[in-house]
Amino acid sequence: MLAQQLFNGLILGGLYALLAVGFSLIVGILKMITFAHGEVFMAGAFAGLAALGLFSPGVALAAALPAAAGGAAILGAVTELVAFRPFRRGPEMTPALITIGFSIILQALALMLAGADTKPFPFNPDFGRWTAGGVVFSGLELGIAGLALAILAGLGLVIARTDWGLALRATAAHFQAAQLMGINTDRVVLSAFVLASGMAGIGGILFGAHYGAFYPLMGVVISMKALAAATLGGIGNVGGAVVGALLLGLIESLVVGYVSANYRDVIAFSILILVILIRPAGILGRREEEKV
Amino acid sequence: MLRVKDLRAWYGNLPALRGIDFHLEEGELVTLIGSNGAGKSTTLKSLIGLLPGRSGEIEYLGESLLGCTPAGALARGMAMVPEGRWIFPDLTVEENLRLGAFGRRGHPLAVALEREFARFPVLGERRRQKGGTLSGGEQQMLAISRALMSNPRLLLLDEPSLGLAPLMVEKVFALIRDIRKGGIAVLLVEQNSAQALAVADRGYVLSSGRVIISGPAADLLRDPRVGRVYLGYQDFGGGI
Ligand SMILES: Nc1ncnc2c1ncn2[C@@H]1O[C@H](COP(=O)(O)OP(=O)(O)OP(=O)(O)O)[C@@H](O)[C@H]1O
Ligand SMILES: [Mg+2]
């Protein structure tokens, strides 16, 4: 029972993390927030769903992932170019408001294009089923958890080891100092949006596959939870976002297993608020001195 | 090498530079001095392209830099050590240095790193340590070393001695002499005008966004009007 809940929590946390790291990347680099991330996730899910319908089940999954990532990445790039780039030096509220508008428009567009009804996964993604130590692992669940963790680990490596990652960390630390190093900060910001959104899109299609459900409002609650998870981990800190997301996923699934499914959000968010009250900068966050 | 004519810059609508003229030749060490708010930092930032609101002429190695970002200036061999150092405290010393070479790809990174570690052994010893763990003087060395990673032909230095202990200040000025001896031209901004003029070939005194006195460093050192600048007169806009 416990092991099963932990495994479920890992899947849930992995899905949250795919969104949460995006929030952390964007906030870390711009100190501004996007409220369209949940709809980027939803759009990625629908792009993946469309690709699923175009191919036979054998190749559909291989086509759905790049479609979801690509569709979401394009939306993310548009978000940066329209809502953020023109307002780099302005108040943080302007991009926030524009992205709220984006999210409402995208929900309405999805409603018009796909309809209000929940779409199922178009075929039965059956990859077998194993039992080990009392835990039932389905191939699909293993695939979802494995892919999510592999993407997160890959992201960590890219940030820590590549030139792009170094440019990203420098830009997040000090915009002008990064420019003084010859870094094209606009390009770094754009690529961060593309990466964050691509991961959200993958999260969307995995979410759709996991729950067998695609609908226009599918990004609303999960993006709020991911933002909460990123804040819990220490907003702006990508590793912290992963920790926060996994923690939130585990707490939720333990509450479902041992208390009641009805209380999962109440208890999970109560714990979250408590942690933030005790550690305002988040679990891995540091209190930052204001940079001029 | 560098010829600046009628350089003007604004912060929003507020003019910070009101028409600056100066020049600097290959291998020369020129200093810009002046009191708080005179426009020294603004001049350097405008030269390298950190401030978008600028006009006038900046001719560097026969080309205009007016449309350039810092990346463009770096690619042409101009690097800057900003006031306040702007090192990346959470990145390692080596990462800080690697970033310094970002603007000049094509130059072998390992060679530049070895050269800088030879110049600053303490940075070599601490290459895996975070920049923020260094002392103030070491951070200044890191900032200078980082700028040198790009193999500049002209180095812009903004108050490199600011906030350092007297012994460290001596080291910084000795380092500036060495850099210049190595064939790199230096544009040095200082409030510490006596020491700046002692190492410089020529100097310009700025006040309220204009050049008010210029000449060979030795002449400026004896000029009583310059003396008043470094005795700490505040710049209230009326000149010194
Ligand atoms: N970011 C900014 N926004 C608005 N005004 C600024 C800004 N930076 C500088 N100024 C103004 O521009 C003028 C020139 O400032 P600058 O920093 O170039 O002076 P400085 O000679 O470098 O002084 P200091 O010796 O204190 O470093 C000053 O009046 C200053 O108040
Ligand atoms: Mg200054």
# chains A, B, ... in the order shown; residues from 1 in each chain; ligands from 1
$ interface_residues --of "chain A" --to "chain B" --cutoff "9 Å" --atoms "only C-alpha atoms" --output "list in words"
Asp163, Leu166, Ala167, Arg169, Ala170, Ala173, His174, Gln176, Ala177, Ala178, Gln179, Leu180, Met181, Gly182, Ile183 and Asn184 of chain A
$ write_last_selection --atoms "C-alpha atoms" --output "compact mmCIF listing (two decimals), in the first residue's frame"
# COMPACT_ATOMS: atom_id res chain seq x y z
CA ASP A 163 27.74 26.79 -22.41
CA LEU A 166 26.29 28.83 -18.09
CA ALA A 167 24.84 31.69 -20.13
CA ARG A 169 22.84 31.05 -15.02
CA ALA A 170 24.78 34.24 -15.71
CA ALA A 173 22.17 36.23 -11.84
CA HIS A 174 22.76 39.64 -13.44
CA GLN A 176 23.70 43.54 -17.52
CA ALA A 177 26.75 41.63 -16.37
CA ALA A 178 25.73 38.82 -18.72
CA GLN A 179 25.47 41.34 -21.57
CA LEU A 180 28.90 42.60 -20.66
CA MET A 181 30.17 39.04 -21.24
CA GLY A 182 28.84 39.26 -24.78
CA ILE A 183 25.84 37.06 -24.04
CA ASN A 184 22.79 37.76 -26.16
$ residues_near_ligand --ligand "ligand 2" --cutoff "8 Å" --atoms "only C-alpha atoms and all ligand atoms" --output "list of chain:residue names"
B:Asn36, B:Gly37, B:Gly39, B:Lys40, B:Ser41, B:Thr42, B:Glu83, B:Asp158, B:Glu159, B:Val189
$ residues_near_ligand --ligand "ligand 1" --cutoff "10 Å" --atoms "only C-alpha atoms and all ligand atoms" --output "count of residues only"
43
$ select_by_dssp --residues "segment 8-207 of chain B" --states "helix (DSSP H, G or I)" --output "number ranges by chain"
B: 40-48, 70-75, 93-100, 102-104, 109-119, 121-125, 131-133, 136-148, 166-181, 193-199
$ atom_distance --atom1 "atom CA of Ala60 of chain A" --atom2 "atom CA of Val242 of chain A"
28.7 Å
$ closest_atom_pairs --of "segment 26-100 of chain A" --to "segment 213-234 of chain A" --cutoff "12 Å" --atoms "only C-alpha atoms" --output "tab-separated table"
residue	atom	partner	partner_atom	distance
A:Ile26	CA	A:Ala230	CA	11.1
A:Val27	CA	A:Ala230	CA	9.8
A:Gly28	CA	A:Gly234	CA	10.0
A:Ile33	CA	A:Leu227	CA	9.6
A:Thr34	CA	A:Leu227	CA	9.9
A:Phe35	CA	A:Ser223	CA	8.5
A:Ala36	CA	A:Ser223	CA	8.8
A:His37	CA	A:Ser223	CA	6.7
A:Gly38	CA	A:Gly219	CA	4.1
A:Glu39	CA	A:Gly219	CA	5.5
A:Val40	CA	A:Gly219	CA	7.9
A:Phe41	CA	A:Gly219	CA	6.0
A:Met42	CA	A:Gly219	CA	5.3
A:Ala43	CA	A:Pro216	CA	8.4
A:Gly44	CA	A:Gly219	CA	10.2
A:Ala45	CA	A:Phe214	CA	7.1
A:Phe46	CA	A:Phe214	CA	7.1
A:Ala47	CA	A:Phe214	CA	10.7
A:Gly48	CA	A:Phe214	CA	10.2
A:Leu49	CA	A:Phe214	CA	8.1
A:Ala50	CA	A:Phe214	CA	11.0
A:Ile100	CA	A:Val220	CA	11.4
$ write_last_selection --atoms "N, CA, C and O atoms" --output "PDB file, in the first residue's frame"
ATOM      1  N   ILE A  26      11.670  30.602 -15.849  1.00  0.00           N
ATOM      2  CA  ILE A  26      11.207  31.917 -16.303  1.00  0.00           C
ATOM      3  C   ILE A  26      11.341  32.955 -15.188  1.00  0.00           C
ATOM      4  O   ILE A  26      11.872  34.043 -15.400  1.00  0.00           O
ATOM      5  N   VAL A  27      10.877  32.585 -14.001  1.00  0.00           N
ATOM      6  CA  VAL A  27      10.980  33.545 -12.894  1.00  0.00           C
ATOM      7  C   VAL A  27      12.448  33.778 -12.543  1.00  0.00           C
ATOM      8  O   VAL A  27      12.865  34.898 -12.262  1.00  0.00           O
ATOM      9  N   GLY A  28      13.247  32.711 -12.602  1.00  0.00           N
ATOM     10  CA  GLY A  28      14.658  32.849 -12.258  1.00  0.00           C
ATOM     11  C   GLY A  28      15.373  33.834 -13.157  1.00  0.00           C
ATOM     12  O   GLY A  28      16.226  34.593 -12.706  1.00  0.00           O
ATOM     13  N   ILE A  33       6.508  36.697 -13.831  1.00  0.00           N
ATOM     14  CA  ILE A  33       5.789  35.427 -13.869  1.00  0.00           C
ATOM     15  C   ILE A  33       4.857  35.353 -15.073  1.00  0.00           C
ATOM     16  O   ILE A  33       4.365  36.373 -15.546  1.00  0.00           O
ATOM     17  N   THR A  34       4.674  34.146 -15.581  1.00  0.00           N
ATOM     18  CA  THR A  34       3.695  33.930 -16.656  1.00  0.00           C
ATOM     19  C   THR A  34       2.497  33.190 -16.085  1.00  0.00           C
ATOM     20  O   THR A  34       2.656  32.278 -15.276  1.00  0.00           O
ATOM     21  N   PHE A  35       1.307  33.617 -16.493  1.00  0.00           N
ATOM     22  CA  PHE A  35       0.103  32.907 -16.070  1.00  0.00           C
ATOM     23  C   PHE A  35      -0.476  32.093 -17.211  1.00  0.00           C
ATOM     24  O   PHE A  35      -1.583  31.600 -17.122  1.00  0.00           O
ATOM     25  N   ALA A  36       0.264  31.985 -18.311  1.00  0.00           N
ATOM     26  CA  ALA A  36      -0.229  31.205 -19.451  1.00  0.00           C
ATOM     27  C   ALA A  36       0.401  29.818 -19.504  1.00  0.00           C
ATOM     28  O   ALA A  36       0.135  29.060 -20.433  1.00  0.00           O
ATOM     29  N   HIS A  37       1.220  29.493 -18.506  1.00  0.00           N
ATOM     30  CA  HIS A  37       1.969  28.236 -18.566  1.00  0.00           C
ATOM     31  C   HIS A  37       1.021  27.021 -18.577  1.00  0.00           C
ATOM     32  O   HIS A  37       1.274  26.031 -19.267  1.00  0.00           O
ATOM     33  N   GLY A  38      -0.081  27.112 -17.835  1.00  0.00           N
ATOM     34  CA  GLY A  38      -1.044  26.018 -17.799  1.00  0.00           C
ATOM     35  C   GLY A  38      -1.704  25.809 -19.161  1.00  0.00           C
ATOM     36  O   GLY A  38      -2.000  24.675 -19.554  1.00  0.00           O
ATOM     37  N   GLU A  39      -1.907  26.900 -19.895  1.00  0.00           N
ATOM     38  CA  GLU A  39      -2.543  26.780 -21.200  1.00  0.00           C
ATOM     39  C   GLU A  39      -1.526  26.338 -22.256  1.00  0.00           C
ATOM     40  O   GLU A  39      -1.877  25.707 -23.240  1.00  0.00           O
ATOM     41  N   VAL A  40      -0.261  26.667 -22.032  1.00  0.00           N
ATOM     42  CA  VAL A  40       0.794  26.124 -22.895  1.00  0.00           C
ATOM     43  C   VAL A  40       0.826  24.598 -22.726  1.00  0.00           C
ATOM     44  O   VAL A  40       0.925  23.846 -23.701  1.00  0.00           O
ATOM     45  N   PHE A  41       0.684  24.157 -21.499  1.00  0.00           N
ATOM     46  CA  PHE A  41       0.602  22.724 -21.168  1.00  0.00           C
ATOM     47  C   PHE A  41      -0.596  22.087 -21.886  1.00  0.00           C
ATOM     48  O   PHE A  41      -0.475  21.056 -22.546  1.00  0.00           O
ATOM     49  N   MET A  42      -1.744  22.756 -21.797  1.00  0.00           N
ATOM     50  CA  MET A  42      -2.963  22.242 -22.421  1.00  0.00           C
ATOM     51  C   MET A  42      -2.799  22.199 -23.942  1.00  0.00           C
ATOM     52  O   MET A  42      -3.165  21.211 -24.594  1.00  0.00           O
ATOM     53  N   ALA A  43      -2.253  23.277 -24.510  1.00  0.00           N
ATOM     54  CA  ALA A  43      -2.080  23.322 -25.966  1.00  0.00           C
ATOM     55  C   ALA A  43      -1.124  22.219 -26.414  1.00  0.00           C
ATOM     56  O   ALA A  43      -1.341  21.586 -27.456  1.00  0.00           O
ATOM     57  N   GLY A  44      -0.081  21.971 -25.640  1.00  0.00           N
ATOM     58  CA  GLY A  44       0.841  20.884 -25.961  1.00  0.00           C
ATOM     59  C   GLY A  44       0.113  19.546 -25.938  1.00  0.00           C
ATOM     60  O   GLY A  44       0.300  18.701 -26.826  1.00  0.00           O
ATOM     61  N   ALA A  45      -0.752  19.377 -24.934  1.00  0.00           N
ATOM     62  CA  ALA A  45      -1.504  18.129 -24.830  1.00  0.00           C
ATOM     63  C   ALA A  45      -2.376  17.932 -26.073  1.00  0.00           C
ATOM     64  O   ALA A  45      -2.407  16.848 -26.662  1.00  0.00           O
ATOM     65  N   PHE A  46      -3.060  18.994 -26.500  1.00  0.00           N
ATOM     66  CA  PHE A  46      -3.927  18.864 -27.678  1.00  0.00           C
ATOM     67  C   PHE A  46      -3.125  18.680 -28.965  1.00  0.00           C
ATOM     68  O   PHE A  46      -3.546  17.948 -29.860  1.00  0.00           O
ATOM     69  N   ALA A  47      -1.982  19.336 -29.047  1.00  0.00           N
ATOM     70  CA  ALA A  47      -1.127  19.125 -30.233  1.00  0.00           C
ATOM     71  C   ALA A  47      -0.689  17.670 -30.287  1.00  0.00           C
ATOM     72  O   ALA A  47      -0.686  17.038 -31.351  1.00  0.00           O
ATOM     73  N   GLY A  48      -0.335  17.118 -29.117  1.00  0.00           N
ATOM     74  CA  GLY A  48       0.044  15.708 -29.060  1.00  0.00           C
ATOM     75  C   GLY A  48      -1.132  14.813 -29.414  1.00  0.00           C
ATOM     76  O   GLY A  48      -0.987  13.837 -30.157  1.00  0.00           O
ATOM     77  N   LEU A  49      -2.315  15.182 -28.925  1.00  0.00           N
ATOM     78  CA  LEU A  49      -3.519  14.397 -29.218  1.00  0.00           C
ATOM     79  C   LEU A  49      -3.799  14.390 -30.720  1.00  0.00           C
ATOM     80  O   LEU A  49      -4.150  13.345 -31.295  1.00  0.00           O
ATOM     81  N   ALA A  50      -3.644  15.553 -31.344  1.00  0.00           N
ATOM     82  CA  ALA A  50      -3.870  15.641 -32.794  1.00  0.00           C
ATOM     83  C   ALA A  50      -2.895  14.720 -33.524  1.00  0.00           C
ATOM     84  O   ALA A  50      -3.278  14.015 -34.463  1.00  0.00           O
ATOM     85  N   ILE A 100      -2.278  36.590 -18.439  1.00  0.00           N
ATOM     86  CA  ILE A 100      -3.628  36.203 -17.980  1.00  0.00           C
ATOM     87  C   ILE A 100      -4.585  36.262 -19.176  1.00  0.00           C
ATOM     88  O   ILE A 100      -5.380  35.344 -19.413  1.00  0.00           O
TER      89      ILE A 100
END
$ residues_around --residues "Leu221 of chain B" --least-positions-apart "2" --cutoff "12 Å" --atoms "only C-alpha atoms" --output "ChimeraX atom specification"
/B:31,33,192-205,213-219,223-230
$ residues_around --residues "Glu59 of chain B" --least-positions-apart "5" --cutoff "8 Å" --atoms "only C-alpha atoms" --output "ChimeraX atom specification"
/B:1-4,64-65
$ write_last_selection --atoms "all heavy atoms" --output "compact mmCIF listing (two decimals), in the first residue's frame"
# COMPACT_ATOMS: atom_id res chain seq x y z
N MET B 1 43.18 55.11 -31.84
CA MET B 1 42.49 53.85 -31.60
C MET B 1 41.02 54.08 -31.27
O MET B 1 40.13 53.48 -31.86
CB MET B 1 43.15 53.14 -30.42
CG MET B 1 42.51 51.85 -30.04
SD MET B 1 43.38 51.10 -28.66
CE MET B 1 43.20 49.37 -29.05
N LEU B 2 40.79 55.01 -30.33
CA LEU B 2 39.42 55.35 -29.94
C LEU B 2 39.26 56.87 -30.03
O LEU B 2 40.08 57.62 -29.49
CB LEU B 2 39.17 54.89 -28.50
CG LEU B 2 37.82 55.28 -27.89
CD1 LEU B 2 36.68 54.55 -28.57
CD2 LEU B 2 37.80 54.99 -26.39
N ARG B 3 38.23 57.29 -30.73
CA ARG B 3 37.98 58.71 -30.91
C ARG B 3 36.51 58.97 -30.59
O ARG B 3 35.64 58.42 -31.24
CB ARG B 3 38.28 59.10 -32.36
CG ARG B 3 38.69 60.52 -32.59
CD ARG B 3 39.48 60.66 -33.88
NE ARG B 3 40.78 60.00 -33.77
CZ ARG B 3 41.86 60.56 -33.21
NH1 ARG B 3 41.80 61.80 -32.76
NH2 ARG B 3 42.98 59.88 -33.11
N VAL B 4 36.26 59.76 -29.57
CA VAL B 4 34.89 60.01 -29.13
C VAL B 4 34.57 61.48 -29.35
O VAL B 4 35.34 62.36 -28.95
CB VAL B 4 34.73 59.65 -27.63
CG1 VAL B 4 33.35 60.03 -27.13
CG2 VAL B 4 35.00 58.18 -27.40
N SER B 64 32.60 52.60 -36.45
CA SER B 64 31.71 53.21 -35.48
C SER B 64 31.11 52.14 -34.58
O SER B 64 30.71 51.09 -35.04
CB SER B 64 30.57 53.96 -36.19
OG SER B 64 29.61 54.33 -35.21
N LEU B 65 31.10 52.42 -33.28
CA LEU B 65 30.54 51.45 -32.33
C LEU B 65 29.10 51.81 -31.95
O LEU B 65 28.51 51.15 -31.12
CB LEU B 65 31.37 51.42 -31.04
CG LEU B 65 32.71 50.69 -31.06
CD1 LEU B 65 33.26 50.60 -29.65
CD2 LEU B 65 32.58 49.29 -31.65
$ residues_around --residues "Asp6 of chain B" --least-positions-apart "2" --cutoff "8 Å" --atoms "only C-alpha atoms" --output "list in words"
Val4, Arg8, Arg18, Gly19, Ile20, Asp21, Ser55, Gly56 and Glu57 of chain B
$ residues_around --residues "Ala63 of chain A" --least-positions-apart "5" --cutoff "10 Å" --atoms "only C-alpha atoms" --output "mmCIF file with all heavy atoms, in the first residue's frame"
data_model
loop_
_atom_site.group_PDB
_atom_site.id
_atom_site.type_symbol
_atom_site.label_atom_id
_atom_site.label_comp_id
_atom_site.auth_asym_id
_atom_site.auth_seq_id
_atom_site.Cartn_x
_atom_site.Cartn_y
_atom_site.Cartn_z
ATOM 1 N N GLY A 48 -0.335 17.118 -29.117
ATOM 2 C CA GLY A 48 0.044 15.708 -29.060
ATOM 3 C C GLY A 48 -1.132 14.813 -29.414
ATOM 4 O O GLY A 48 -0.987 13.837 -30.157
ATOM 5 N N LEU A 49 -2.315 15.182 -28.925
ATOM 6 C CA LEU A 49 -3.519 14.397 -29.218
ATOM 7 C C LEU A 49 -3.799 14.390 -30.720
ATOM 8 O O LEU A 49 -4.150 13.345 -31.295
ATOM 9 C CB LEU A 49 -4.709 14.987 -28.450
ATOM 10 C CG LEU A 49 -6.049 14.259 -28.597
ATOM 11 C CD1 LEU A 49 -5.962 12.855 -28.011
ATOM 12 C CD2 LEU A 49 -7.171 15.053 -27.901
ATOM 13 N N ALA A 50 -3.644 15.553 -31.344
ATOM 14 C CA ALA A 50 -3.870 15.641 -32.794
ATOM 15 C C ALA A 50 -2.895 14.720 -33.524
ATOM 16 O O ALA A 50 -3.278 14.015 -34.463
ATOM 17 C CB ALA A 50 -3.696 17.084 -33.258
ATOM 18 N N ALA A 51 -1.651 14.712 -33.090
ATOM 19 C CA ALA A 51 -0.656 13.848 -33.737
ATOM 20 C C ALA A 51 -1.000 12.381 -33.518
ATOM 21 O O ALA A 51 -0.818 11.550 -34.412
ATOM 22 C CB ALA A 51 0.732 14.150 -33.192
ATOM 23 N N LEU A 52 -1.545 12.067 -32.342
ATOM 24 C CA LEU A 52 -1.923 10.678 -32.055
ATOM 25 C C LEU A 52 -2.961 10.189 -33.055
ATOM 26 O O LEU A 52 -2.942 9.040 -33.499
ATOM 27 C CB LEU A 52 -2.510 10.573 -30.638
ATOM 28 C CG LEU A 52 -1.535 10.587 -29.472
ATOM 29 C CD1 LEU A 52 -2.295 10.638 -28.153
ATOM 30 C CD2 LEU A 52 -0.637 9.372 -29.504
ATOM 31 N N LEU A 54 -3.325 11.098 -36.086
ATOM 32 C CA LEU A 54 -2.847 11.057 -37.469
ATOM 33 C C LEU A 54 -2.117 9.768 -37.801
ATOM 34 O O LEU A 54 -1.949 9.437 -38.970
ATOM 35 C CB LEU A 54 -1.905 12.237 -37.730
ATOM 36 C CG LEU A 54 -2.540 13.625 -37.732
ATOM 37 C CD1 LEU A 54 -1.478 14.688 -37.944
ATOM 38 C CD2 LEU A 54 -3.608 13.716 -38.825
ATOM 39 N N PHE A 55 -1.640 9.078 -36.784
ATOM 40 C CA PHE A 55 -0.769 7.931 -37.060
ATOM 41 C C PHE A 55 -1.357 6.647 -36.474
ATOM 42 O O PHE A 55 -2.212 6.688 -35.597
ATOM 43 C CB PHE A 55 0.626 8.168 -36.476
ATOM 44 C CG PHE A 55 1.319 9.352 -37.058
ATOM 45 C CD1 PHE A 55 1.252 10.590 -36.429
ATOM 46 C CD2 PHE A 55 2.025 9.249 -38.250
ATOM 47 C CE1 PHE A 55 1.887 11.690 -36.974
ATOM 48 C CE2 PHE A 55 2.652 10.348 -38.792
ATOM 49 C CZ PHE A 55 2.588 11.570 -38.157
ATOM 50 N N PRO A 57 -1.283 3.435 -34.074
ATOM 51 C CA PRO A 57 -0.814 3.387 -32.681
ATOM 52 C C PRO A 57 0.673 3.096 -32.543
ATOM 53 O O PRO A 57 1.312 3.626 -31.634
ATOM 54 C CB PRO A 57 -1.660 2.254 -32.082
ATOM 55 C CG PRO A 57 -2.932 2.307 -32.850
ATOM 56 C CD PRO A 57 -2.553 2.707 -34.260
ATOM 57 N N GLY A 58 1.246 2.335 -33.454
ATOM 58 C CA GLY A 58 2.657 1.992 -33.323
ATOM 59 C C GLY A 58 3.568 3.201 -33.316
ATOM 60 O O GLY A 58 4.448 3.341 -32.471
ATOM 61 N N ALA A 68 3.716 17.600 -29.186
ATOM 62 C CA ALA A 68 3.336 18.296 -27.961
ATOM 63 C C ALA A 68 4.413 19.308 -27.565
ATOM 64 O O ALA A 68 4.118 20.465 -27.246
ATOM 65 C CB ALA A 68 3.133 17.281 -26.833
#
$ select_by_dssp --residues "segment 127-220 of chain B" --states "strand (DSSP E)" --output "ChimeraX atom specification"
/B:154-158,185-190,202-207,210-216
$ residues_around --residues "segment 164-166 of chain B" --least-positions-apart "2" --cutoff "12 Å" --atoms "only C-alpha atoms" --output "compact mmCIF listing (two decimals) with N, CA, C and O atoms, in the first residue's frame"
# COMPACT_ATOMS: atom_id res chain seq x y z
N GLY B 84 31.78 48.22 -9.19
CA GLY B 84 31.06 47.22 -8.39
C GLY B 84 31.34 45.80 -8.83
O GLY B 84 30.72 44.87 -8.32
N SER B 135 37.62 37.26 -1.18
CA SER B 135 37.66 38.55 -0.50
C SER B 135 37.43 39.66 -1.53
O SER B 135 37.49 39.42 -2.74
N GLY B 136 37.18 40.86 -1.03
CA GLY B 136 36.92 41.98 -1.93
C GLY B 136 38.03 42.18 -2.95
O GLY B 136 37.77 42.37 -4.14
N GLY B 137 39.26 42.14 -2.49
CA GLY B 137 40.38 42.34 -3.39
C GLY B 137 40.48 41.22 -4.43
O GLY B 137 40.72 41.47 -5.60
N GLU B 138 40.25 39.97 -3.96
CA GLU B 138 40.30 38.85 -4.90
C GLU B 138 39.17 38.94 -5.92
O GLU B 138 39.35 38.60 -7.09
N GLN B 139 38.01 39.43 -5.47
CA GLN B 139 36.90 39.60 -6.41
C GLN B 139 37.25 40.64 -7.48
O GLN B 139 36.89 40.49 -8.65
N GLN B 140 37.95 41.68 -7.07
CA GLN B 140 38.37 42.69 -8.05
C GLN B 140 39.35 42.07 -9.05
O GLN B 140 39.28 42.32 -10.25
N MET B 141 40.26 41.24 -8.54
CA MET B 141 41.19 40.55 -9.43
C MET B 141 40.42 39.65 -10.40
O MET B 141 40.74 39.57 -11.59
N GLU B 159 36.70 52.40 -11.64
CA GLU B 159 37.02 52.45 -10.21
C GLU B 159 37.48 51.11 -9.64
O GLU B 159 36.87 50.58 -8.72
N PRO B 160 38.56 50.57 -10.19
CA PRO B 160 39.02 49.26 -9.71
C PRO B 160 39.54 49.29 -8.28
O PRO B 160 39.65 48.23 -7.65
N SER B 161 39.86 50.46 -7.75
CA SER B 161 40.42 50.50 -6.39
C SER B 161 39.36 50.78 -5.34
O SER B 161 39.64 50.80 -4.14
N LEU B 162 38.12 50.95 -5.77
CA LEU B 162 37.05 51.34 -4.85
C LEU B 162 36.83 50.31 -3.75
O LEU B 162 36.68 49.12 -4.01
N MET B 168 45.92 46.53 -1.07
CA MET B 168 45.26 45.98 -2.26
C MET B 168 45.21 47.04 -3.36
O MET B 168 45.38 46.73 -4.55
N VAL B 169 44.98 48.30 -2.96
CA VAL B 169 44.95 49.38 -3.94
C VAL B 169 46.29 49.45 -4.67
O VAL B 169 46.34 49.56 -5.91
N GLU B 170 47.38 49.32 -3.91
CA GLU B 170 48.71 49.32 -4.53
C GLU B 170 48.82 48.20 -5.55
O GLU B 170 49.34 48.38 -6.66
N LYS B 171 48.33 47.01 -5.16
CA LYS B 171 48.39 45.86 -6.06
C LYS B 171 47.62 46.12 -7.34
O LYS B 171 48.08 45.76 -8.44
N VAL B 172 46.44 46.73 -7.19
CA VAL B 172 45.61 46.99 -8.37
C VAL B 172 46.33 47.94 -9.32
O VAL B 172 46.37 47.72 -10.53
N PHE B 173 46.94 48.99 -8.76
CA PHE B 173 47.63 49.94 -9.65
C PHE B 173 48.87 49.31 -10.29
O PHE B 173 49.18 49.60 -11.44
N ASN B 192 40.05 58.32 -7.22
CA ASN B 192 41.37 58.45 -6.62
C ASN B 192 42.30 59.07 -7.67
O ASN B 192 43.13 58.40 -8.27
N GLN B 195 46.40 58.90 -7.66
CA GLN B 195 47.00 57.64 -8.06
C GLN B 195 46.74 57.33 -9.53
O GLN B 195 47.60 56.78 -10.22
$ atom_distance --atom1 "atom CA of Gly67 of chain B" --atom2 "atom CA of Pro108 of chain B"
27.7 Å
$ atom_distance --atom1 "atom CA of Thr79 of chain A" --atom2 "atom CA of Ala281 of chain A"
27.0 Å
$ decode --residues "segment 62-92 of chain B" --atoms "C-alpha atoms" --output "compact mmCIF listing (two decimals), in the first residue's frame"
# COMPACT_ATOMS: atom_id res chain seq x y z
CA GLY B 62 38.27 52.73 -37.71
CA GLU B 63 34.71 51.59 -37.12
CA SER B 64 31.71 53.21 -35.48
CA LEU B 65 30.54 51.45 -32.33
CA LEU B 66 27.28 53.38 -32.10
CA GLY B 67 25.12 50.50 -33.29
CA CYS B 68 27.00 47.91 -31.27
CA THR B 69 25.91 45.92 -28.25
CA PRO B 70 28.58 44.84 -25.73
CA ALA B 71 28.91 41.64 -27.77
CA GLY B 72 29.94 43.71 -30.79
CA ALA B 73 32.42 45.74 -28.78
CA LEU B 74 33.91 42.57 -27.26
CA ALA B 75 34.29 40.98 -30.67
CA ARG B 76 36.29 44.06 -31.71
CA GLY B 77 38.53 43.76 -28.67
CA MET B 78 37.02 46.13 -26.12
CA ALA B 79 36.29 44.77 -22.63
CA MET B 80 35.10 46.43 -19.45
CA VAL B 81 35.45 45.93 -15.71
CA PRO B 82 32.37 47.64 -14.30
CA GLU B 83 32.10 49.65 -11.12
CA GLY B 84 31.06 47.22 -8.39
CA ARG B 85 32.76 44.35 -10.23
CA TRP B 86 29.59 42.48 -11.17
CA ILE B 87 31.18 39.10 -10.67
CA PHE B 88 28.76 36.16 -10.51
CA PRO B 89 28.90 35.17 -6.82
CA ASP B 90 27.15 31.81 -7.23
CA LEU B 91 29.30 30.66 -10.15
CA THR B 92 32.74 29.21 -9.62
